[in-house]
Every structure is written in structure tokens, then in C-alpha cells.
file target39.cif (mmCIF, C-alpha atoms)
data_model
#
loop_
_atom_site.group_PDB
_atom_site.id
_atom_site.type_symbol
_atom_site.label_atom_id
_atom_site.label_comp_id
_atom_site.auth_asym_id
_atom_site.auth_seq_id
_atom_site.Cartn_x
_atom_site.Cartn_y
_atom_site.Cartn_z
ATOM 1 C CA MET Q 1 -22.149 27.622 -4.632
ATOM 2 C CA LEU Q 2 -19.495 27.401 -1.949
ATOM 3 C CA THR Q 3 -16.953 24.635 -2.327
ATOM 4 C CA GLU Q 4 -14.135 23.456 -0.090
ATOM 5 C CA ARG Q 5 -11.630 25.289 -2.282
ATOM 6 C CA SER Q 6 -13.563 28.562 -2.258
ATOM 7 C CA LEU Q 7 -13.491 28.504 1.553
ATOM 8 C CA PHE Q 8 -9.675 28.545 1.480
ATOM 9 C CA PRO Q 9 -8.573 31.154 -1.093
ATOM 10 C CA SER Q 10 -4.978 31.010 0.169
ATOM 11 C CA ALA Q 11 -4.739 27.227 -0.299
ATOM 12 C CA SER Q 12 -2.309 26.016 -2.959
ATOM 13 C CA THR Q 13 -2.685 23.193 -5.470
ATOM 14 C CA VAL Q 14 0.335 20.932 -5.031
ATOM 15 C CA GLY Q 15 -0.363 18.108 -7.469
ATOM 16 C CA LEU Q 16 -2.837 15.929 -9.324
ATOM 17 C CA VAL Q 17 -3.977 12.334 -8.845
ATOM 18 C CA ASP Q 18 -2.087 10.472 -11.564
ATOM 19 C CA GLU Q 19 -2.890 6.842 -10.665
ATOM 20 C CA ILE Q 20 -5.353 5.108 -8.328
ATOM 21 C CA TRP Q 21 -4.459 1.585 -7.185
ATOM 22 C CA ARG Q 22 -6.582 -0.898 -5.285
ATOM 23 C CA TYR Q 23 -5.216 -4.192 -3.951
ATOM 24 C CA PRO Q 24 -8.112 -6.640 -3.408
ATOM 25 C CA VAL Q 25 -5.792 -9.235 -1.798
ATOM 26 C CA LYS Q 26 -3.095 -8.181 0.622
ATOM 27 C CA SER Q 27 0.427 -8.500 -0.846
ATOM 28 C CA MET Q 28 -0.796 -9.451 -4.325
ATOM 29 C CA GLN Q 29 -0.538 -7.103 -7.291
ATOM 30 C CA GLY Q 30 -3.548 -4.833 -7.639
ATOM 31 C CA GLU Q 31 -5.726 -3.072 -10.193
ATOM 32 C CA LEU Q 32 -5.317 0.370 -11.764
ATOM 33 C CA LEU Q 33 -8.547 2.389 -11.611
ATOM 34 C CA GLU Q 34 -9.970 5.510 -13.209
ATOM 35 C CA HIS Q 35 -12.097 6.268 -10.141
ATOM 36 C CA ALA Q 36 -12.939 4.648 -6.819
ATOM 37 C CA PRO Q 37 -15.265 5.237 -3.845
ATOM 38 C CA ILE Q 38 -13.459 6.206 -0.657
ATOM 39 C CA THR Q 39 -14.469 6.211 3.008
ATOM 40 C CA GLU Q 40 -12.671 6.727 6.299
ATOM 41 C CA ARG Q 41 -11.678 3.051 5.997
ATOM 42 C CA GLY Q 42 -9.815 3.662 2.717
ATOM 43 C CA LEU Q 43 -10.614 2.772 -0.888
ATOM 44 C CA LEU Q 44 -13.638 0.514 -1.025
ATOM 45 C CA GLY Q 45 -12.380 -3.061 -1.436
ATOM 46 C CA ASP Q 46 -8.722 -2.322 -0.739
ATOM 47 C CA ARG Q 47 -7.019 -5.240 1.080
ATOM 48 C CA ALA Q 48 -10.473 -6.771 1.528
ATOM 49 C CA PHE Q 49 -9.106 -10.334 1.195
ATOM 50 C CA VAL Q 50 -6.105 -12.039 2.784
ATOM 51 C CA LEU Q 51 -4.593 -15.492 2.732
ATOM 52 C CA PHE Q 52 -4.805 -17.031 6.192
ATOM 53 C CA ASP Q 53 -2.107 -19.589 6.947
ATOM 54 C CA ARG Q 54 -3.756 -22.338 9.002
ATOM 55 C CA GLU Q 55 -0.412 -23.742 10.184
ATOM 56 C CA SER Q 56 0.948 -20.563 11.773
ATOM 57 C CA GLY Q 57 -2.359 -18.781 12.388
ATOM 58 C CA THR Q 58 -1.038 -15.671 10.646
ATOM 59 C CA VAL Q 59 -1.936 -13.542 7.647
ATOM 60 C CA ALA Q 60 0.313 -14.180 4.650
ATOM 61 C CA THR Q 61 2.316 -11.089 3.633
ATOM 62 C CA THR Q 62 5.479 -10.459 1.653
ATOM 63 C CA LYS Q 63 7.134 -9.115 4.792
ATOM 64 C CA HIS Q 64 8.148 -12.786 5.083
ATOM 65 C CA PRO Q 65 9.374 -13.116 1.479
ATOM 66 C CA ARG Q 66 11.036 -16.526 1.865
ATOM 67 C CA GLN Q 67 7.648 -18.007 2.707
ATOM 68 C CA TRP Q 68 5.265 -15.775 0.782
ATOM 69 C CA GLY Q 69 7.280 -14.255 -2.072
ATOM 70 C CA ALA Q 70 4.968 -15.934 -4.607
ATOM 71 C CA LEU Q 71 2.193 -13.552 -3.529
ATOM 72 C CA LEU Q 72 3.747 -10.866 -5.731
ATOM 73 C CA GLY Q 73 3.481 -13.245 -8.678
ATOM 74 C CA CYS Q 74 -0.307 -13.150 -8.322
ATOM 75 C CA SER Q 75 -2.653 -10.309 -9.230
ATOM 76 C CA ALA Q 76 -6.234 -9.705 -8.159
ATOM 77 C CA ARG Q 77 -9.166 -7.675 -9.432
ATOM 78 C CA PHE Q 78 -12.847 -7.404 -8.623
ATOM 79 C CA VAL Q 79 -15.336 -8.898 -11.085
ATOM 80 C CA VAL Q 80 -17.356 -5.689 -10.626
ATOM 81 C CA SER Q 81 -16.278 -2.681 -8.621
ATOM 82 C CA PRO Q 82 -17.517 -2.555 -5.003
ATOM 83 C CA GLN Q 83 -20.158 0.101 -4.337
ATOM 84 C CA PRO Q 84 -21.085 1.903 -1.092
ATOM 85 C CA GLY Q 85 -23.813 0.053 0.764
ATOM 86 C CA GLY Q 86 -23.385 -3.091 -1.314
ATOM 87 C CA GLY Q 87 -21.822 -6.440 -0.563
ATOM 88 C CA LEU Q 88 -18.291 -7.399 -1.485
ATOM 89 C CA PRO Q 89 -18.202 -8.725 -5.078
ATOM 90 C CA PRO Q 90 -16.103 -11.782 -6.028
ATOM 91 C CA ILE Q 91 -12.530 -11.321 -7.173
ATOM 92 C CA VAL Q 92 -10.466 -13.010 -9.874
ATOM 93 C CA ILE Q 93 -6.897 -14.006 -8.947
ATOM 94 C CA THR Q 94 -4.439 -14.553 -11.781
ATOM 95 C CA LEU Q 95 -1.769 -17.047 -10.695
ATOM 96 C CA PRO Q 96 1.918 -16.961 -11.729
ATOM 97 C CA ASP Q 97 1.326 -19.568 -14.469
ATOM 98 C CA GLY Q 98 -1.342 -17.365 -16.087
ATOM 99 C CA THR Q 99 -4.337 -19.432 -14.957
ATOM 100 C CA SER Q 100 -7.002 -17.819 -12.789
ATOM 101 C CA VAL Q 101 -9.322 -18.693 -9.940
ATOM 102 C CA ARG Q 102 -12.298 -16.809 -8.493
ATOM 103 C CA SER Q 103 -12.912 -16.224 -4.817
ATOM 104 C CA ASP Q 104 -16.291 -17.945 -5.129
ATOM 105 C CA ASP Q 105 -14.931 -21.063 -6.876
ATOM 106 C CA ALA Q 106 -15.383 -24.241 -4.848
ATOM 107 C CA ASP Q 107 -11.693 -25.162 -5.177
ATOM 108 C CA VAL Q 108 -10.169 -21.729 -4.495
ATOM 109 C CA HIS Q 109 -8.579 -22.754 -1.157
ATOM 110 C CA VAL Q 110 -7.214 -25.986 -2.625
ATOM 111 C CA ARG Q 111 -5.596 -24.241 -5.581
ATOM 112 C CA LEU Q 112 -4.033 -21.510 -3.471
ATOM 113 C CA SER Q 113 -2.762 -24.085 -0.958
ATOM 114 C CA ALA Q 114 -1.136 -26.016 -3.817
ATOM 115 C CA LEU Q 115 0.617 -22.841 -5.008
ATOM 116 C CA PHE Q 116 2.171 -22.102 -1.618
ATOM 117 C CA GLY Q 117 2.730 -25.675 -0.467
ATOM 118 C CA ARG Q 118 0.799 -25.212 2.772
ATOM 119 C CA GLU Q 119 -2.833 -25.031 3.808
ATOM 120 C CA VAL Q 120 -4.216 -21.533 3.317
ATOM 121 C CA ALA Q 121 -7.692 -20.014 3.070
ATOM 122 C CA LEU Q 122 -8.809 -16.899 1.217
ATOM 123 C CA VAL Q 123 -10.828 -14.912 3.775
ATOM 124 C CA THR Q 124 -12.258 -11.452 4.393
ATOM 125 C CA SER Q 125 -12.249 -11.599 8.197
ATOM 126 C CA ILE Q 126 -10.437 -13.302 11.052
ATOM 127 C CA ASP Q 127 -11.973 -13.936 14.465
ATOM 128 C CA GLU Q 128 -8.876 -13.065 16.469
ATOM 129 C CA GLN Q 129 -6.390 -10.177 16.310
ATOM 130 C CA PRO Q 130 -4.645 -10.448 12.902
ATOM 131 C CA MET Q 131 -0.974 -11.375 13.171
ATOM 132 C CA ARG Q 132 1.750 -11.628 10.549
ATOM 133 C CA GLU Q 133 5.270 -13.014 10.326
ATOM 134 C CA ALA Q 134 7.989 -10.580 9.231
ATOM 135 C CA ASP Q 135 11.628 -11.117 8.297
ATOM 136 C CA ARG Q 136 13.604 -8.794 10.572
ATOM 137 C CA THR Q 137 17.025 -10.207 9.741
ATOM 138 C CA PRO Q 138 19.627 -7.422 10.260
ATOM 139 C CA GLU Q 139 21.095 -6.059 7.031
ATOM 140 C CA GLY Q 140 24.457 -7.659 6.366
ATOM 141 C CA ALA Q 141 23.815 -10.776 8.484
ATOM 142 C CA SER Q 142 26.183 -13.408 7.113
ATOM 143 C CA ASP Q 143 25.372 -16.642 8.968
ATOM 144 C CA GLY Q 144 22.454 -17.483 6.675
ATOM 145 C CA THR Q 145 19.839 -17.613 9.439
ATOM 146 C CA ALA Q 146 16.726 -15.466 9.285
ATOM 147 C CA THR Q 147 15.104 -13.560 12.142
ATOM 148 C CA ILE Q 148 11.358 -14.112 11.720
ATOM 149 C CA ARG Q 149 9.099 -12.276 14.154
ATOM 150 C CA ARG Q 150 5.401 -12.715 14.821
ATOM 151 C CA GLU Q 151 3.816 -9.255 14.894
ATOM 152 C CA PRO Q 152 0.342 -7.704 15.256
ATOM 153 C CA PHE Q 153 -0.945 -5.287 12.650
ATOM 154 C CA ALA Q 154 -0.398 -1.619 13.489
ATOM 155 C CA ARG Q 155 -2.765 0.302 15.760
ATOM 156 C CA ARG Q 156 -3.640 3.058 13.264
ATOM 157 C CA ALA Q 157 -5.399 0.658 10.908
ATOM 158 C CA PRO Q 158 -9.217 0.787 11.216
ATOM 159 C CA GLU Q 159 -10.639 -2.142 13.172
ATOM 160 C CA GLY Q 160 -11.379 -5.165 11.017
ATOM 161 C CA THR Q 161 -9.007 -4.139 8.213
ATOM 162 C CA PHE Q 162 -5.711 -5.632 7.035
ATOM 163 C CA PHE Q 163 -3.649 -2.488 6.452
ATOM 164 C CA ASP Q 164 -0.093 -2.426 7.751
ATOM 165 C CA TYR Q 165 -0.735 0.995 9.257
ATOM 166 C CA GLY Q 166 -2.872 3.746 7.712
ATOM 167 C CA PRO Q 167 -5.826 3.195 5.366
ATOM 168 C CA LEU Q 168 -4.310 5.032 2.369
ATOM 169 C CA LEU Q 169 -0.800 5.355 0.992
ATOM 170 C CA MET Q 170 0.206 8.369 -1.106
ATOM 171 C CA LEU Q 171 3.419 8.631 -3.146
ATOM 172 C CA SER Q 172 4.603 11.346 -5.541
ATOM 173 C CA ASN Q 173 6.497 11.088 -8.792
ATOM 174 C CA GLY Q 174 8.909 13.616 -7.257
ATOM 175 C CA THR Q 175 9.910 11.049 -4.641
ATOM 176 C CA LEU Q 176 10.464 8.409 -7.318
ATOM 177 C CA ALA Q 177 12.649 10.898 -9.223
ATOM 178 C CA ALA Q 178 14.706 11.564 -6.086
ATOM 179 C CA PHE Q 179 15.307 7.829 -5.661
ATOM 180 C CA GLN Q 180 16.214 7.494 -9.344
ATOM 181 C CA ARG Q 181 18.865 10.192 -8.957
ATOM 182 C CA GLU Q 182 20.362 8.221 -6.066
ATOM 183 C CA HIS Q 183 20.337 4.880 -7.956
ATOM 184 C CA PRO Q 184 20.331 5.685 -11.719
ATOM 185 C CA SER Q 185 20.296 2.067 -12.895
ATOM 186 C CA GLY Q 186 17.311 1.105 -10.699
ATOM 187 C CA SER Q 187 13.748 0.705 -11.905
ATOM 188 C CA PHE Q 188 11.669 2.919 -9.611
ATOM 189 C CA ASP Q 189 8.250 1.878 -10.808
ATOM 190 C CA ALA Q 190 5.446 2.874 -8.423
ATOM 191 C CA ARG Q 191 4.383 -0.787 -8.230
ATOM 192 C CA ARG Q 192 7.369 -1.508 -5.977
ATOM 193 C CA PHE Q 193 5.908 0.830 -3.344
ATOM 194 C CA ARG Q 194 2.239 -0.198 -3.620
ATOM 195 C CA PRO Q 195 0.636 3.253 -3.292
ATOM 196 C CA ASN Q 196 -3.097 3.818 -3.439
ATOM 197 C CA LEU Q 197 -2.498 7.267 -4.889
ATOM 198 C CA LEU Q 198 0.403 8.166 -7.140
ATOM 199 C CA ILE Q 199 0.413 11.923 -7.460
ATOM 200 C CA ASP Q 200 1.925 14.077 -10.175
ATOM 201 C CA VAL Q 201 3.870 17.032 -8.788
ATOM 202 C CA GLY Q 202 5.304 18.084 -12.133
ATOM 203 C CA ALA Q 203 9.032 18.188 -12.723
ATOM 204 C CA ARG Q 204 9.994 18.150 -9.037
ATOM 205 C CA SER Q 205 12.587 15.621 -7.966
ATOM 206 C CA ASP Q 206 12.240 15.795 -4.198
ATOM 207 C CA CYS Q 207 10.162 13.978 -1.586
ATOM 208 C CA VAL Q 208 7.626 16.784 -1.329
ATOM 209 C CA GLU Q 209 4.844 14.759 0.320
ATOM 210 C CA HIS Q 210 7.128 13.988 3.274
ATOM 211 C CA ARG Q 211 6.762 17.653 4.255
ATOM 212 C CA TRP Q 212 2.962 17.333 4.464
ATOM 213 C CA VAL Q 213 2.944 15.019 7.494
ATOM 214 C CA GLY Q 214 0.495 16.412 10.062
ATOM 215 C CA GLN Q 215 -1.272 18.612 7.506
ATOM 216 C CA THR Q 216 -4.625 18.417 5.725
ATOM 217 C CA LEU Q 217 -5.151 17.956 1.990
ATOM 218 C CA LEU Q 218 -8.166 18.317 -0.241
ATOM 219 C CA VAL Q 219 -8.041 15.540 -2.836
ATOM 220 C CA GLY Q 220 -10.809 16.181 -5.326
ATOM 221 C CA GLU Q 221 -13.590 17.040 -2.886
ATOM 222 C CA THR Q 222 -12.421 14.750 -0.067
ATOM 223 C CA ARG Q 223 -10.451 16.048 2.887
ATOM 224 C CA MET Q 224 -7.541 13.887 4.006
ATOM 225 C CA ARG Q 225 -5.149 14.064 6.919
ATOM 226 C CA VAL Q 226 -1.504 13.112 6.324
ATOM 227 C CA ILE Q 227 -0.906 11.075 9.459
ATOM 228 C CA ASP Q 228 2.639 9.705 9.221
ATOM 229 C CA PRO Q 229 5.591 8.826 6.971
ATOM 230 C CA CYS Q 230 5.730 5.307 5.506
ATOM 231 C CA PRO Q 231 8.899 3.386 6.443
ATOM 232 C CA ARG Q 232 10.091 0.807 3.922
ATOM 233 C CA CYS Q 233 11.607 -2.656 4.086
ATOM 234 C CA VAL Q 234 12.988 -5.378 1.828
ATOM 235 C CA VAL Q 235 9.611 -5.809 0.078
ATOM 236 C CA THR Q 236 10.489 -2.863 -2.211
ATOM 237 C CA THR Q 237 13.470 -4.816 -3.553
ATOM 238 C CA LEU Q 238 11.576 -7.979 -4.538
ATOM 239 C CA ALA Q 239 10.910 -9.044 -8.121
ATOM 240 C CA GLN Q 240 7.347 -8.675 -9.363
ATOM 241 C CA GLY Q 241 6.012 -8.788 -12.891
ATOM 242 C CA ASP Q 242 8.719 -7.340 -15.128
ATOM 243 C CA LEU Q 243 10.520 -5.638 -12.227
ATOM 244 C CA PRO Q 244 13.736 -7.409 -11.171
ATOM 245 C CA ARG Q 245 15.018 -7.996 -7.659
ATOM 246 C CA ASP Q 246 17.224 -5.020 -6.768
ATOM 247 C CA LEU Q 247 18.705 -4.410 -3.301
ATOM 248 C CA GLY Q 248 19.803 -0.960 -4.475
ATOM 249 C CA ILE Q 249 16.167 0.184 -4.317
ATOM 250 C CA LEU Q 250 16.108 0.131 -0.519
ATOM 251 C CA ARG Q 251 19.579 1.688 -0.288
ATOM 252 C CA ALA Q 252 18.349 4.625 -2.383
ATOM 253 C CA VAL Q 253 15.306 5.022 -0.118
ATOM 254 C CA THR Q 254 17.480 4.904 2.997
ATOM 255 C CA ALA Q 255 19.772 7.628 1.595
ATOM 256 C CA GLN Q 256 16.984 10.233 1.861
ATOM 257 C CA ASN Q 257 16.524 12.369 4.972
ATOM 258 C CA PRO Q 258 14.492 10.835 7.826
ATOM 259 C CA VAL Q 259 10.971 12.198 8.349
ATOM 260 C CA MET Q 260 9.348 13.185 11.637
ATOM 261 C CA SER Q 261 6.342 11.188 12.821
ATOM 262 C CA ALA Q 262 3.173 13.107 13.661
ATOM 263 C CA THR Q 263 0.842 10.389 14.959
ATOM 264 C CA GLN Q 264 2.483 7.114 15.954
ATOM 265 C CA SER Q 265 5.517 8.610 17.726
ATOM 266 C CA PRO Q 266 5.217 12.411 17.569
ATOM 267 C CA GLY Q 267 8.602 14.097 17.339
ATOM 268 C CA SER Q 268 10.577 10.946 16.525
ATOM 269 C CA LEU Q 269 12.374 10.508 13.211
ATOM 270 C CA VAL Q 270 11.505 7.692 10.807
ATOM 271 C CA SER Q 271 14.152 6.433 8.386
ATOM 272 C CA ALA Q 272 13.888 4.759 4.967
ATOM 273 C CA VAL Q 273 10.669 6.597 4.111
ATOM 274 C CA ALA Q 274 8.853 6.506 0.755
ATOM 275 C CA GLY Q 275 5.462 8.184 0.702
ATOM 276 C CA VAL Q 276 3.001 9.025 3.446
ATOM 277 C CA TYR Q 277 0.033 7.416 5.164
ATOM 278 C CA VAL Q 278 -3.213 9.327 4.734
ATOM 279 C CA ALA Q 279 -6.642 9.052 6.362
ATOM 280 C CA ALA Q 280 -9.789 10.297 4.618
ATOM 281 C CA LEU Q 281 -11.924 12.569 6.805
ATOM 282 C CA GLY Q 282 -15.126 11.680 4.982
ATOM 283 C CA SER Q 283 -16.564 9.757 2.059
ATOM 284 C CA GLY Q 284 -16.503 10.533 -1.643
ATOM 285 C CA VAL Q 285 -15.179 9.411 -4.998
ATOM 286 C CA LEU Q 286 -11.565 9.800 -6.109
ATOM 287 C CA ARG Q 287 -10.833 10.282 -9.797
ATOM 288 C CA ARG Q 288 -7.695 10.397 -11.908
ATOM 289 C CA GLY Q 289 -6.844 14.033 -12.546
ATOM 290 C CA ASP Q 290 -8.323 15.272 -9.254
ATOM 291 C CA PRO Q 291 -6.415 18.313 -7.959
ATOM 292 C CA ILE Q 292 -4.633 18.026 -4.616
ATOM 293 C CA THR Q 293 -4.725 21.145 -2.460
ATOM 294 C CA LEU Q 294 -2.692 21.766 0.683
ATOM 295 C CA LEU Q 295 -5.067 23.485 3.122
ATOM 296 C CA PRO Q 296 -3.794 26.206 5.452
#
call {"tool": "encode", "arguments": {"input": "target39.cif", "output": "C-alpha cells"}}
result
Amino acid sequence: MLTERSLFPSASTVGLVDEIWRYPVKSMQGELLEHAPITERGLLGDRAFVLFDRESGTVATTKHPRQWGALLGCSARFVVSPQPGGGLPPIVITLPDGTSVRSDDADVHVRLSALFGREVALVTSIDEQPMREADRTPEGASDGTATIRREPFARRAPEGTFFDYGPLLMLSNGTLAAFQREHPSGSFDARRFRPNLLIDVGARSDCVEHRWVGQTLLVGETRMRVIDPCPRCVVTTLAQGDLPRDLGILRAVTAQNPVMSATQSPGSLVSAVAGVYVAALGSGVLRRGDPITLLP
């Protein structure tokens, strides 16, 4: 029987799927999976929920860490895994104090509002164009004031989703090794970078996936297009779980070579890149250990 790989005998295997991460609530810690359904809209259930801030009318994200830093102290998981063609199952959110609340609990909005000190609602859709607030304070600003901007979500995200840009984020262990070499005392755990797919490229210590922008991969049996590099911000430096706050993380990322955009701004260089945005070209199931093939 013909397979995708047999159709491309000159294609090369460039890595394996090492970890699969799904984040049921935007900006909260996610869940590590053995396998997950995937569509052109990303991993099923990824960023399905957000906290909506009723005061500002924006989606809560850690891009405004002074306001929403506590999001990273929460983790979320589905009660049962979402399935194609089915409804969205409830989720369980574990709060920073170790207690938990379900999305279908009557007091879920009250408890989350108490945590953040402002009225929020856990939702899966918003009637208007989703907006967020982001801290764009210039690095080295010394007057103590913050530059907070109100921004729309990026255009490449599928309609009705809450992705910052593309529907999938891929990061290699080679990129993490390159950052580690730049900042030896830093803790370059993949959780800082919130990938959907952490890929194993062996003993490499370079940002190999940055060279795949604009190309097509076969991940398991699902074709994917690498659409653009992923620029990074202060979120990578924030404390979460057992990872400490570390401003050296972003400096190490910035020290790498800029990467050329292929989709958003073709031909322009993007700095402070860690990983790449990927779009699935069909539906399937991703599994840990799936081979990743770079198609000619």
C-alpha cells in the first residue's frame, strides 16, 4: 500500500515527536499527552477556554504579566479527551493553592474572579473580535512605568480560536540546547516556551527547525506546513511551577540569528525566535514517537 513516505523516497527523517502538549486554557499550564487528534485548527481542545476580563473587555494572557501572572500558577486538563465530532468536555483547573475547580461548577467564575481580584468569566467564545493587553515596555526602561497596549489576536489564527498566531507550535531539543550553551546556568525547560510539539533531533545543538520555515513536513501521517518563526517575549522569563524567573532566558533567545518570515511578512527578519508555527494540512492523530519527515 502506498503511503505518504513511499511517495517521497528522497525525503529525510529529521526528528521524532518527543512530547505532545495541549493547553485547555490560554496562558495556563497544560497537559502532557501520549496522543491527540489534530485538525487544520490545531490540536483538538488546545486553547479552547480563555478567561474574559469583564472590566477591560479583553482576553487574559500572560503577555500582561503584572495583571495576569497568576495564570501560570494554574494548570488545566480535560476530564476526558476531546474527540472529533463530539462536544467539548469539561476541564479541571488546579489553582495555585492546590485546590481545583471544574468548568461546569456553578461557582467557577466566582472562584476565578477571587483569584485575580477582578471579575472574569471562563468562556469558549467571545462575540466580538478577541483583544488582549500586552506589556510592551522597552527593555531597560528605568522610570518604573509600563507600556500596556491593547492588541487584536494575529491574523493567521483560524477564526474563532485564541491562538496568538499559528495553530501549532513546534520546538526542538536542539534549539533548547543552543540556548543552554548561551546561558549555562539557565533552566531551559520546554514548558517556558509552551510548544505543542517538542521534537527530538538527537544530539544536535542548533535551531534546526528555524531552517524549515516555508517547507512541508510529514509528522506521523499528517502533512504540516511550517508557516513562520515564533518571536518571543518576557513570558519565557516568568516563574512557573518549579521554574524560577530568569531574565537571562530571553537574552539567550535574542542572541541567536534572526529568522526570515515566510507568511506574515515574507522576506523580513524576525528576532528573538524560539521554535516555529505550523499549520496542519489535514486531520489525523499525532502520537509520541511519530517520525518527522522533511518533504522535498
call {"tool": "closest_residue", "arguments": {"input": "target39.cif", "among": "Q:Thr263, Q:His210, Q:Ala280, Q:Ala177", "to": "Ala190 (chain Q)", "atoms": "all atoms listed in the file"}}
result
Q:Ala177
call {"tool": "axis_aligned_box", "arguments": {"input": "target39.cif", "around": "region 117-135 of chain Q", "padding_each_side": "3 Å", "output": "JSON"}}
result
{"center_x": -0.3, "center_y": -17.9, "center_z": 8.0, "size_x": 29.9, "size_y": 21.5, "size_z": 22.9}
call {"tool": "resolve_selection", "arguments": {"input": "target39.cif", "expression": "the PyMOL selection byres ((chain Q and resi 213) around 9)", "output": "list in words"}}
result
Glu209, His210, Arg211, Trp212, Gly214, Gln215, Thr216, Arg225, Val226, Ile227, Asp228, Pro229, Val259, Met260, Ser261, Ala262, Val276, Tyr277 and Val278 of chain Q
call {"tool": "atom_distance", "arguments": {"input": "target39.cif", "atom1": "CA of Ile148 (chain Q)", "atom2": "CA of Arg136 (chain Q)"}}
result
5.9 Å
call {"tool": "closest_residue", "arguments": {"input": "target39.cif", "among": "Q:Glu128, Q:Asp290, Q:Asp206, Q:Glu151", "to": "Ser172 (chain Q)", "atoms": "only C-alpha atoms"}}
result
Q:Asp206
call {"tool": "closest_residue", "arguments": {"input": "target39.cif", "among": "Q:Arg181, Q:Met224, Q:Thr293, Q:Gly174", "to": "Ser205 (chain Q)", "atoms": "all atoms listed in the file"}}
result
Q:Gly174
call {"tool": "atom_distance", "arguments": {"input": "target39.cif", "atom1": "CA of Thr236 (chain Q)", "atom2": "CA of Ser125 (chain Q)"}}
result
26.5 Å
call {"tool": "build_atoms", "arguments": {"input": "target39.cif", "residues": "region 94-115 of chain Q", "atoms": "N, CA and C atoms", "output": "compact mmCIF listing (two decimals), in the frame of the given file"}}
result
# COMPACT_ATOMS: atom_id res chain seq x y z
N THR Q 94 -5.27 -13.97 -10.73
CA THR Q 94 -4.44 -14.55 -11.78
C THR Q 94 -3.17 -15.08 -11.15
N LEU Q 95 -2.90 -16.37 -11.32
CA LEU Q 95 -1.77 -17.05 -10.70
C LEU Q 95 -0.51 -16.87 -11.54
N PRO Q 96 0.67 -17.17 -10.98
CA PRO Q 96 1.92 -16.96 -11.73
C PRO Q 96 1.98 -17.70 -13.06
N ASP Q 97 1.28 -18.82 -13.20
CA ASP Q 97 1.33 -19.57 -14.47
C ASP Q 97 0.32 -19.04 -15.49
N GLY Q 98 -0.38 -17.96 -15.15
CA GLY Q 98 -1.34 -17.36 -16.09
C GLY Q 98 -2.77 -17.87 -15.94
N THR Q 99 -2.98 -18.95 -15.20
CA THR Q 99 -4.34 -19.43 -14.96
C THR Q 99 -4.99 -18.55 -13.89
N SER Q 100 -6.30 -18.67 -13.74
CA SER Q 100 -7.00 -17.82 -12.79
C SER Q 100 -7.99 -18.63 -11.97
N VAL Q 101 -8.35 -18.08 -10.82
CA VAL Q 101 -9.32 -18.69 -9.94
C VAL Q 101 -10.14 -17.57 -9.32
N ARG Q 102 -11.43 -17.80 -9.12
CA ARG Q 102 -12.30 -16.81 -8.49
C ARG Q 102 -12.46 -17.11 -7.01
N SER Q 103 -12.74 -16.06 -6.26
CA SER Q 103 -12.91 -16.22 -4.82
C SER Q 103 -14.14 -17.06 -4.48
N ASP Q 104 -15.10 -17.14 -5.40
CA ASP Q 104 -16.29 -17.94 -5.13
C ASP Q 104 -16.24 -19.31 -5.80
N ASP Q 105 -15.09 -19.71 -6.34
CA ASP Q 105 -14.93 -21.06 -6.88
C ASP Q 105 -14.83 -22.07 -5.72
N ALA Q 106 -15.38 -23.23 -5.91
CA ALA Q 106 -15.38 -24.24 -4.85
C ALA Q 106 -13.97 -24.70 -4.48
N ASP Q 107 -13.04 -24.65 -5.44
CA ASP Q 107 -11.69 -25.16 -5.18
C ASP Q 107 -10.67 -24.06 -4.93
N VAL Q 108 -11.12 -22.84 -4.62
CA VAL Q 108 -10.17 -21.73 -4.50
C VAL Q 108 -9.13 -22.00 -3.40
N HIS Q 109 -9.54 -22.52 -2.25
CA HIS Q 109 -8.58 -22.75 -1.16
C HIS Q 109 -7.59 -23.86 -1.53
N VAL Q 110 -8.08 -24.88 -2.21
CA VAL Q 110 -7.21 -25.99 -2.62
C VAL Q 110 -6.15 -25.50 -3.61
N ARG Q 111 -6.55 -24.70 -4.57
CA ARG Q 111 -5.60 -24.24 -5.58
C ARG Q 111 -4.56 -23.28 -4.99
N LEU Q 112 -4.99 -22.42 -4.10
CA LEU Q 112 -4.03 -21.51 -3.47
C LEU Q 112 -3.10 -22.27 -2.52
N SER Q 113 -3.62 -23.27 -1.84
CA SER Q 113 -2.76 -24.08 -0.96
C SER Q 113 -1.71 -24.83 -1.77
N ALA Q 114 -2.09 -25.32 -2.96
CA ALA Q 114 -1.14 -26.02 -3.82
C ALA Q 114 -0.03 -25.07 -4.28
N LEU Q 115 -0.38 -23.81 -4.56
CA LEU Q 115 0.62 -22.84 -5.01
C LEU Q 115 1.67 -22.59 -3.94
